[in-house]
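Pasted below: structure-v5.cif, mmCIF, N, CA and C atoms.
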```
data_start
loop_
_atom_site.label_atom_id
_atom_site.label_comp_id
_atom_site.auth_asym_id
_atom_site.auth_seq_id
_atom_site.Cartn_x
_atom_site.Cartn_y
_atom_site.Cartn_z
N MET A 252 29.26 -20.72 -6.77
CA MET A 252 28.08 -20.61 -7.60
C MET A 252 26.82 -20.43 -6.74
N ILE A 253 26.72 -21.19 -5.66
CA ILE A 253 25.54 -21.09 -4.79
C ILE A 253 25.52 -19.73 -4.09
N ARG A 254 26.68 -19.24 -3.68
CA ARG A 254 26.73 -17.94 -3.02
C ARG A 254 26.28 -16.83 -3.97
N THR A 255 26.65 -16.93 -5.21
CA THR A 255 26.22 -15.94 -6.20
C THR A 255 24.72 -15.98 -6.37
N PHE A 256 24.15 -17.18 -6.44
CA PHE A 256 22.71 -17.34 -6.59
C PHE A 256 21.98 -16.75 -5.38
N VAL A 257 22.47 -17.04 -4.17
CA VAL A 257 21.84 -16.52 -2.95
C VAL A 257 21.94 -15.00 -2.93
N PHE A 258 23.08 -14.44 -3.31
CA PHE A 258 23.25 -12.99 -3.33
C PHE A 258 22.28 -12.34 -4.31
N ILE A 259 22.15 -12.87 -5.50
CA ILE A 259 21.23 -12.32 -6.50
C ILE A 259 19.79 -12.44 -6.03
N THR A 260 19.43 -13.55 -5.42
CA THR A 260 18.08 -13.73 -4.90
C THR A 260 17.77 -12.71 -3.81
N LEU A 261 18.69 -12.52 -2.87
CA LEU A 261 18.48 -11.53 -1.81
C LEU A 261 18.40 -10.13 -2.37
N LEU A 262 19.20 -9.83 -3.37
CA LEU A 262 19.16 -8.52 -4.00
C LEU A 262 17.81 -8.29 -4.68
N ALA A 263 17.30 -9.30 -5.35
CA ALA A 263 15.99 -9.18 -6.00
C ALA A 263 14.88 -9.00 -4.98
N LEU A 264 14.94 -9.72 -3.87
CA LEU A 264 13.92 -9.58 -2.83
C LEU A 264 13.97 -8.20 -2.17
N ALA A 265 15.15 -7.66 -2.01
CA ALA A 265 15.30 -6.34 -1.40
C ALA A 265 14.72 -5.26 -2.29
N ALA A 266 14.66 -5.49 -3.58
CA ALA A 266 14.15 -4.50 -4.52
C ALA A 266 12.64 -4.58 -4.70
N CYS A 267 11.95 -5.46 -4.01
CA CYS A 267 10.51 -5.63 -4.20
C CYS A 267 9.73 -4.38 -3.82
N ASN A 268 10.20 -3.58 -2.90
CA ASN A 268 9.49 -2.40 -2.45
C ASN A 268 10.13 -1.13 -2.99
N TYR A 269 10.93 -1.24 -4.04
CA TYR A 269 11.65 -0.10 -4.58
C TYR A 269 10.76 0.63 -5.58
N PRO A 270 10.66 1.96 -5.51
CA PRO A 270 9.77 2.68 -6.41
C PRO A 270 10.28 2.68 -7.85
N SER A 271 9.37 2.92 -8.79
CA SER A 271 9.78 3.03 -10.17
C SER A 271 10.54 4.35 -10.37
N ALA A 272 11.17 4.51 -11.51
CA ALA A 272 12.11 5.61 -11.75
C ALA A 272 11.51 6.99 -11.50
N GLU A 273 10.30 7.24 -11.94
CA GLU A 273 9.75 8.59 -11.81
C GLU A 273 9.35 8.94 -10.37
N TYR A 274 9.31 7.96 -9.47
CA TYR A 274 8.91 8.23 -8.09
C TYR A 274 10.10 8.18 -7.12
N ARG A 275 11.30 7.93 -7.61
CA ARG A 275 12.47 7.92 -6.73
C ARG A 275 12.68 9.30 -6.16
N GLY A 276 12.93 9.37 -4.88
CA GLY A 276 13.11 10.65 -4.22
C GLY A 276 11.82 11.25 -3.69
N SER A 277 10.66 10.72 -4.10
CA SER A 277 9.39 11.21 -3.58
C SER A 277 9.18 10.66 -2.18
N PRO A 278 8.63 11.46 -1.28
CA PRO A 278 8.39 10.94 0.08
C PRO A 278 7.37 9.80 0.06
N VAL A 279 7.56 8.84 0.93
CA VAL A 279 6.69 7.68 0.99
C VAL A 279 5.80 7.78 2.22
N THR A 280 4.54 7.39 2.05
CA THR A 280 3.59 7.35 3.15
C THR A 280 2.98 5.95 3.20
N ARG A 281 3.03 5.30 4.35
CA ARG A 281 2.48 3.96 4.51
C ARG A 281 1.02 4.07 4.95
N VAL A 282 0.12 3.41 4.19
CA VAL A 282 -1.32 3.48 4.44
C VAL A 282 -1.89 2.07 4.42
N SER A 283 -2.76 1.76 5.39
CA SER A 283 -3.46 0.47 5.41
C SER A 283 -4.93 0.73 5.09
N VAL A 284 -5.46 -0.06 4.13
CA VAL A 284 -6.85 0.06 3.71
C VAL A 284 -7.45 -1.34 3.63
N GLN A 285 -8.42 -1.63 4.46
CA GLN A 285 -9.17 -2.88 4.42
C GLN A 285 -8.26 -4.11 4.36
N GLY A 286 -7.22 -4.13 5.15
CA GLY A 286 -6.34 -5.29 5.23
C GLY A 286 -5.17 -5.27 4.28
N SER A 287 -5.09 -4.31 3.36
CA SER A 287 -3.94 -4.18 2.47
C SER A 287 -3.12 -2.98 2.91
N THR A 288 -1.79 -3.15 2.92
CA THR A 288 -0.90 -2.06 3.32
C THR A 288 -0.08 -1.63 2.12
N PHE A 289 -0.06 -0.32 1.87
CA PHE A 289 0.61 0.24 0.70
C PHE A 289 1.64 1.27 1.12
N ASP A 290 2.73 1.35 0.35
CA ASP A 290 3.64 2.48 0.39
C ASP A 290 3.25 3.36 -0.79
N VAL A 291 2.78 4.57 -0.51
CA VAL A 291 2.25 5.47 -1.54
C VAL A 291 3.22 6.62 -1.75
N ARG A 292 3.51 6.89 -3.03
CA ARG A 292 4.34 8.03 -3.42
C ARG A 292 3.55 8.85 -4.44
N VAL A 293 3.64 10.17 -4.33
CA VAL A 293 2.94 11.07 -5.24
C VAL A 293 3.96 11.92 -5.97
N ASN A 294 3.77 12.05 -7.29
CA ASN A 294 4.63 12.88 -8.12
C ASN A 294 3.72 13.68 -9.05
N GLY A 295 3.46 14.93 -8.69
CA GLY A 295 2.59 15.77 -9.52
C GLY A 295 1.16 15.24 -9.49
N LYS A 296 0.63 14.92 -10.67
CA LYS A 296 -0.74 14.43 -10.77
C LYS A 296 -0.79 12.92 -10.99
N ARG A 297 0.27 12.25 -10.55
CA ARG A 297 0.31 10.79 -10.61
C ARG A 297 0.75 10.24 -9.26
N ALA A 298 0.31 9.02 -8.98
CA ALA A 298 0.67 8.37 -7.72
C ALA A 298 1.00 6.91 -7.97
N GLU A 299 1.80 6.36 -7.06
CA GLU A 299 2.18 4.94 -7.12
C GLU A 299 1.91 4.33 -5.76
N ALA A 300 1.26 3.18 -5.75
CA ALA A 300 1.00 2.45 -4.50
C ALA A 300 1.58 1.05 -4.63
N ILE A 301 2.54 0.72 -3.76
CA ILE A 301 3.16 -0.61 -3.75
C ILE A 301 2.62 -1.36 -2.55
N ARG A 302 1.95 -2.49 -2.81
CA ARG A 302 1.40 -3.30 -1.72
C ARG A 302 2.54 -4.06 -1.07
N ILE A 303 2.65 -3.95 0.26
CA ILE A 303 3.80 -4.54 0.95
C ILE A 303 3.44 -5.69 1.87
N ASN A 304 2.16 -5.99 2.00
CA ASN A 304 1.77 -7.09 2.90
C ASN A 304 1.46 -8.35 2.09
N PRO A 305 1.69 -9.53 2.68
CA PRO A 305 1.36 -10.76 1.98
C PRO A 305 -0.15 -11.01 2.02
N GLU A 306 -0.70 -11.42 0.90
CA GLU A 306 -2.11 -11.81 0.81
C GLU A 306 -2.18 -13.05 -0.07
N TYR A 307 -3.07 -13.94 0.28
CA TYR A 307 -3.20 -15.18 -0.49
C TYR A 307 -4.04 -14.93 -1.73
N ALA A 308 -3.48 -15.15 -2.90
CA ALA A 308 -4.13 -15.08 -4.21
C ALA A 308 -4.99 -13.82 -4.38
N PRO A 309 -4.38 -12.64 -4.26
CA PRO A 309 -5.18 -11.42 -4.42
C PRO A 309 -5.54 -11.18 -5.88
N ARG A 310 -6.74 -10.67 -6.13
CA ARG A 310 -7.16 -10.25 -7.46
C ARG A 310 -6.99 -8.74 -7.55
N PHE A 311 -6.76 -8.25 -8.76
CA PHE A 311 -6.48 -6.82 -8.89
C PHE A 311 -7.73 -5.96 -8.66
N GLY A 312 -8.92 -6.49 -8.90
CA GLY A 312 -10.14 -5.70 -8.70
C GLY A 312 -10.23 -5.10 -7.30
N PRO A 313 -10.24 -5.93 -6.24
CA PRO A 313 -10.29 -5.38 -4.89
C PRO A 313 -9.04 -4.59 -4.51
N ILE A 314 -7.89 -5.03 -4.98
CA ILE A 314 -6.64 -4.33 -4.68
C ILE A 314 -6.66 -2.94 -5.33
N ARG A 315 -7.20 -2.84 -6.56
CA ARG A 315 -7.27 -1.56 -7.26
C ARG A 315 -8.08 -0.55 -6.46
N GLU A 316 -9.23 -0.98 -5.91
CA GLU A 316 -10.07 -0.08 -5.12
C GLU A 316 -9.34 0.38 -3.86
N ARG A 317 -8.67 -0.54 -3.20
CA ARG A 317 -7.93 -0.19 -1.98
C ARG A 317 -6.76 0.75 -2.29
N ALA A 318 -6.06 0.49 -3.41
CA ALA A 318 -4.95 1.36 -3.81
C ALA A 318 -5.46 2.77 -4.12
N ALA A 319 -6.62 2.87 -4.76
CA ALA A 319 -7.20 4.17 -5.08
C ALA A 319 -7.53 4.94 -3.79
N ILE A 320 -8.08 4.24 -2.80
CA ILE A 320 -8.39 4.89 -1.52
C ILE A 320 -7.12 5.38 -0.85
N ALA A 321 -6.06 4.56 -0.90
CA ALA A 321 -4.78 4.95 -0.29
C ALA A 321 -4.18 6.15 -1.01
N MET A 322 -4.22 6.15 -2.35
CA MET A 322 -3.67 7.27 -3.11
C MET A 322 -4.45 8.55 -2.83
N ALA A 323 -5.76 8.46 -2.74
CA ALA A 323 -6.58 9.64 -2.46
C ALA A 323 -6.29 10.19 -1.06
N ALA A 324 -6.08 9.29 -0.10
CA ALA A 324 -5.80 9.73 1.27
C ALA A 324 -4.47 10.46 1.36
N VAL A 325 -3.47 9.99 0.62
CA VAL A 325 -2.15 10.61 0.68
C VAL A 325 -2.11 11.91 -0.12
N SER A 326 -2.72 11.92 -1.31
CA SER A 326 -2.61 13.09 -2.19
C SER A 326 -3.64 14.17 -1.89
N GLY A 327 -4.80 13.79 -1.35
CA GLY A 327 -5.87 14.75 -1.15
C GLY A 327 -6.66 15.01 -2.41
N CYS A 328 -6.41 14.25 -3.47
CA CYS A 328 -7.08 14.42 -4.76
C CYS A 328 -7.98 13.22 -5.04
N LYS A 329 -8.90 13.39 -5.99
CA LYS A 329 -9.67 12.24 -6.47
C LYS A 329 -8.77 11.42 -7.39
N VAL A 330 -9.02 10.12 -7.43
CA VAL A 330 -8.24 9.24 -8.30
C VAL A 330 -9.07 8.95 -9.54
N ALA A 331 -8.58 9.41 -10.71
CA ALA A 331 -9.32 9.27 -11.96
C ALA A 331 -9.23 7.85 -12.51
N SER A 332 -8.05 7.22 -12.42
CA SER A 332 -7.90 5.85 -12.92
C SER A 332 -6.73 5.18 -12.22
N VAL A 333 -6.80 3.84 -12.18
CA VAL A 333 -5.72 3.05 -11.58
C VAL A 333 -5.37 1.92 -12.54
N THR A 334 -4.08 1.77 -12.82
CA THR A 334 -3.59 0.66 -13.64
C THR A 334 -2.50 -0.05 -12.86
N GLY A 335 -2.06 -1.19 -13.37
CA GLY A 335 -0.98 -1.93 -12.73
C GLY A 335 -1.37 -3.36 -12.45
N ASP A 336 -0.89 -3.88 -11.33
CA ASP A 336 -1.20 -5.24 -10.95
C ASP A 336 -1.38 -5.33 -9.44
N GLN A 337 -1.42 -6.55 -8.92
CA GLN A 337 -1.69 -6.75 -7.49
C GLN A 337 -0.60 -6.19 -6.59
N ALA A 338 0.61 -6.04 -7.08
CA ALA A 338 1.71 -5.59 -6.24
C ALA A 338 2.00 -4.10 -6.40
N GLN A 339 1.85 -3.57 -7.59
CA GLN A 339 2.21 -2.18 -7.85
C GLN A 339 1.14 -1.53 -8.72
N ALA A 340 0.52 -0.48 -8.17
CA ALA A 340 -0.56 0.21 -8.88
C ALA A 340 -0.15 1.65 -9.14
N PHE A 341 -0.57 2.17 -10.29
CA PHE A 341 -0.31 3.54 -10.67
C PHE A 341 -1.64 4.26 -10.85
N GLY A 342 -1.73 5.46 -10.29
CA GLY A 342 -2.98 6.21 -10.37
C GLY A 342 -2.78 7.56 -11.02
N ARG A 343 -3.82 7.98 -11.76
CA ARG A 343 -3.86 9.32 -12.33
C ARG A 343 -4.77 10.14 -11.44
N LEU A 344 -4.25 11.26 -10.93
CA LEU A 344 -4.98 12.06 -9.95
C LEU A 344 -5.73 13.20 -10.62
N ASP A 345 -6.92 13.49 -10.12
CA ASP A 345 -7.73 14.61 -10.57
C ASP A 345 -7.84 15.59 -9.41
N CYS A 346 -6.95 16.58 -9.43
CA CYS A 346 -6.90 17.55 -8.34
C CYS A 346 -7.70 18.80 -8.63
N GLY A 347 -8.44 18.80 -9.73
CA GLY A 347 -9.18 20.00 -10.10
C GLY A 347 -8.23 21.06 -10.59
N LYS A 348 -8.68 22.31 -10.56
CA LYS A 348 -7.82 23.41 -10.99
C LYS A 348 -6.85 23.77 -9.88
N GLY A 349 -5.62 24.06 -10.25
CA GLY A 349 -4.63 24.49 -9.27
C GLY A 349 -3.92 23.33 -8.62
N ALA A 350 -3.43 23.59 -7.43
CA ALA A 350 -2.62 22.61 -6.70
C ALA A 350 -3.51 21.53 -6.08
N ALA A 351 -2.85 20.51 -5.59
CA ALA A 351 -3.55 19.41 -4.93
C ALA A 351 -4.21 19.91 -3.65
N LEU A 352 -5.29 19.25 -3.27
CA LEU A 352 -5.97 19.58 -2.02
C LEU A 352 -5.04 19.29 -0.85
N PRO A 353 -5.18 20.01 0.24
CA PRO A 353 -4.30 19.74 1.38
C PRO A 353 -4.53 18.34 1.92
N ARG A 354 -3.44 17.74 2.40
CA ARG A 354 -3.54 16.40 2.97
C ARG A 354 -4.31 16.44 4.27
N VAL A 355 -5.15 15.44 4.44
CA VAL A 355 -5.92 15.32 5.68
C VAL A 355 -5.11 14.46 6.64
N ARG A 356 -4.84 14.99 7.80
CA ARG A 356 -4.08 14.24 8.80
C ARG A 356 -4.95 13.14 9.37
N PRO A 357 -4.39 11.94 9.53
CA PRO A 357 -5.18 10.88 10.13
C PRO A 357 -5.52 11.21 11.58
N MET A 358 -6.70 10.79 12.00
CA MET A 358 -7.14 11.03 13.37
C MET A 358 -6.42 10.07 14.30
N ALA A 359 -5.98 10.56 15.44
CA ALA A 359 -5.36 9.70 16.44
C ALA A 359 -6.45 8.88 17.13
N LEU A 360 -6.24 7.58 17.19
CA LEU A 360 -7.22 6.68 17.79
C LEU A 360 -6.59 5.90 18.93
N ASP A 361 -7.41 5.57 19.90
CA ASP A 361 -7.01 4.71 21.00
C ASP A 361 -7.79 3.40 20.82
N CYS A 362 -7.11 2.31 20.48
CA CYS A 362 -7.78 1.05 20.13
C CYS A 362 -7.41 -0.07 21.08
N VAL A 363 -8.37 -0.96 21.32
CA VAL A 363 -8.14 -2.18 22.09
C VAL A 363 -8.73 -3.35 21.33
N PRO A 364 -8.08 -4.51 21.35
CA PRO A 364 -8.64 -5.68 20.65
C PRO A 364 -9.90 -6.18 21.35
N VAL A 365 -10.84 -6.66 20.54
CA VAL A 365 -12.07 -7.23 21.06
C VAL A 365 -11.80 -8.70 21.38
N ARG A 366 -12.06 -9.09 22.60
CA ARG A 366 -11.76 -10.45 23.06
C ARG A 366 -12.55 -11.48 22.24
N GLY A 367 -11.87 -12.54 21.82
CA GLY A 367 -12.52 -13.66 21.12
C GLY A 367 -12.70 -13.45 19.63
N THR A 368 -12.08 -12.41 19.03
CA THR A 368 -12.28 -12.17 17.60
C THR A 368 -11.09 -12.60 16.75
N GLY A 369 -10.09 -13.22 17.34
CA GLY A 369 -8.90 -13.62 16.59
C GLY A 369 -9.21 -14.71 15.58
N ILE A 370 -8.83 -14.49 14.32
CA ILE A 370 -9.01 -15.47 13.25
C ILE A 370 -7.62 -15.77 12.70
N ARG A 371 -7.21 -17.03 12.81
CA ARG A 371 -5.89 -17.42 12.31
C ARG A 371 -5.94 -17.56 10.80
N GLU A 372 -4.94 -16.96 10.14
CA GLU A 372 -4.78 -17.08 8.70
C GLU A 372 -3.33 -17.45 8.42
N ILE A 373 -2.99 -17.54 7.17
CA ILE A 373 -1.63 -17.89 6.79
C ILE A 373 -0.70 -16.77 7.22
N ALA A 374 0.21 -17.05 8.13
CA ALA A 374 1.25 -16.14 8.61
C ALA A 374 0.71 -14.88 9.27
N GLN A 375 -0.55 -14.89 9.74
CA GLN A 375 -1.09 -13.72 10.42
C GLN A 375 -2.33 -14.09 11.22
N VAL A 376 -2.71 -13.20 12.09
CA VAL A 376 -3.94 -13.35 12.87
C VAL A 376 -4.73 -12.05 12.71
N ARG A 377 -5.99 -12.15 12.35
CA ARG A 377 -6.84 -10.97 12.24
C ARG A 377 -7.70 -10.85 13.48
N ILE A 378 -7.85 -9.61 13.95
CA ILE A 378 -8.68 -9.37 15.12
C ILE A 378 -9.53 -8.12 14.87
N ASP A 379 -10.64 -8.00 15.59
CA ASP A 379 -11.45 -6.79 15.56
C ASP A 379 -10.92 -5.83 16.62
N LEU A 380 -10.97 -4.54 16.31
CA LEU A 380 -10.54 -3.53 17.25
C LEU A 380 -11.70 -2.61 17.60
N ASP A 381 -11.73 -2.18 18.85
CA ASP A 381 -12.70 -1.19 19.31
C ASP A 381 -11.92 0.10 19.51
N CYS A 382 -12.22 1.14 18.70
CA CYS A 382 -11.41 2.35 18.70
C CYS A 382 -12.26 3.57 19.07
N ASP A 383 -11.63 4.47 19.82
CA ASP A 383 -12.22 5.76 20.18
C ASP A 383 -11.19 6.84 19.87
N PRO A 384 -11.64 8.05 19.55
CA PRO A 384 -10.67 9.14 19.34
C PRO A 384 -9.80 9.34 20.58
N ALA A 385 -8.51 9.53 20.37
CA ALA A 385 -7.58 9.68 21.50
C ALA A 385 -7.65 11.07 22.08
#
```

Encoded form using structure tokens:
Amino acid sequence: MIRTFVFITLLALAACNYPSAEYRGSPVTRVSVQGSTFDVRVNGKRAEAIRINPEYAPRFGPIRERAAIAMAAVSGCKVASVTGDQAQAFGRLDCGKGAALPRVRPMALDCVPVRGTGIREIAQVRIDLDCDPA
């Protein structure tokens, strides 16, 4: 009985980052925005952002804005609306007439941590980085 419970629990935890039905098979892009990390998938004029990092008591307001930024970065389109919750957000994309705008490649950066900026948090440490184009 306990083995069955452990198996079901592990199976449920493994499915936490699994896309919804309409996004299965879509390529995934991992994006970090203001401390939140998302796996973003785009399907036509809709996008899905699944937050994969732990955060203490997140509210959907700030998460919604970050998810919209991540969806816009991956799709190259404006985000018209975002619905969902703190873990999984769905966006409606406004790509204008025609196809989506071309994706902007992220700039390569060379970063070093700034000494003395480490802030301990629950299960993580935040630091400031000093970055220059590589």

Residues within 7 Å of Ala319 of chain A, all atoms listed in the file, excluding chain neighbours under 4 positions, as an NGL selection string: :A and (314-315 or 323-324 or 330 or 333)

Residues matched by the PyMOL selection byres (((chain A and resi 289 and name CA) around 6) and name CA) as an NGL selection string: :A and (281-282 or 288 or 290-291 or 300-303)

Long-range neighbours of Arg366 of chain A as JSON, numbers by chain, 7 Å cut-off, all atoms listed in the file, 3 positions minimum in chain: {"A": [363, 369, 379]}

Closest of A:Arg254, A:Arg310, A:Arg292, A:Lys348 to Glu273 of chain A - atom-to-atom distances counting only C-alpha atoms: A:Arg292

May I have the centre and edge lengths, in Å to one decimal, of an axis-aligned box around the listed atoms of segment 276-282 of chain A with 8 Å added to every side, as JSON?
```
{"center_x": 5.6, "center_y": 6.8, "center_z": 0.0, "size_x": 31.0, "size_y": 25.4, "size_z": 25.8}
```
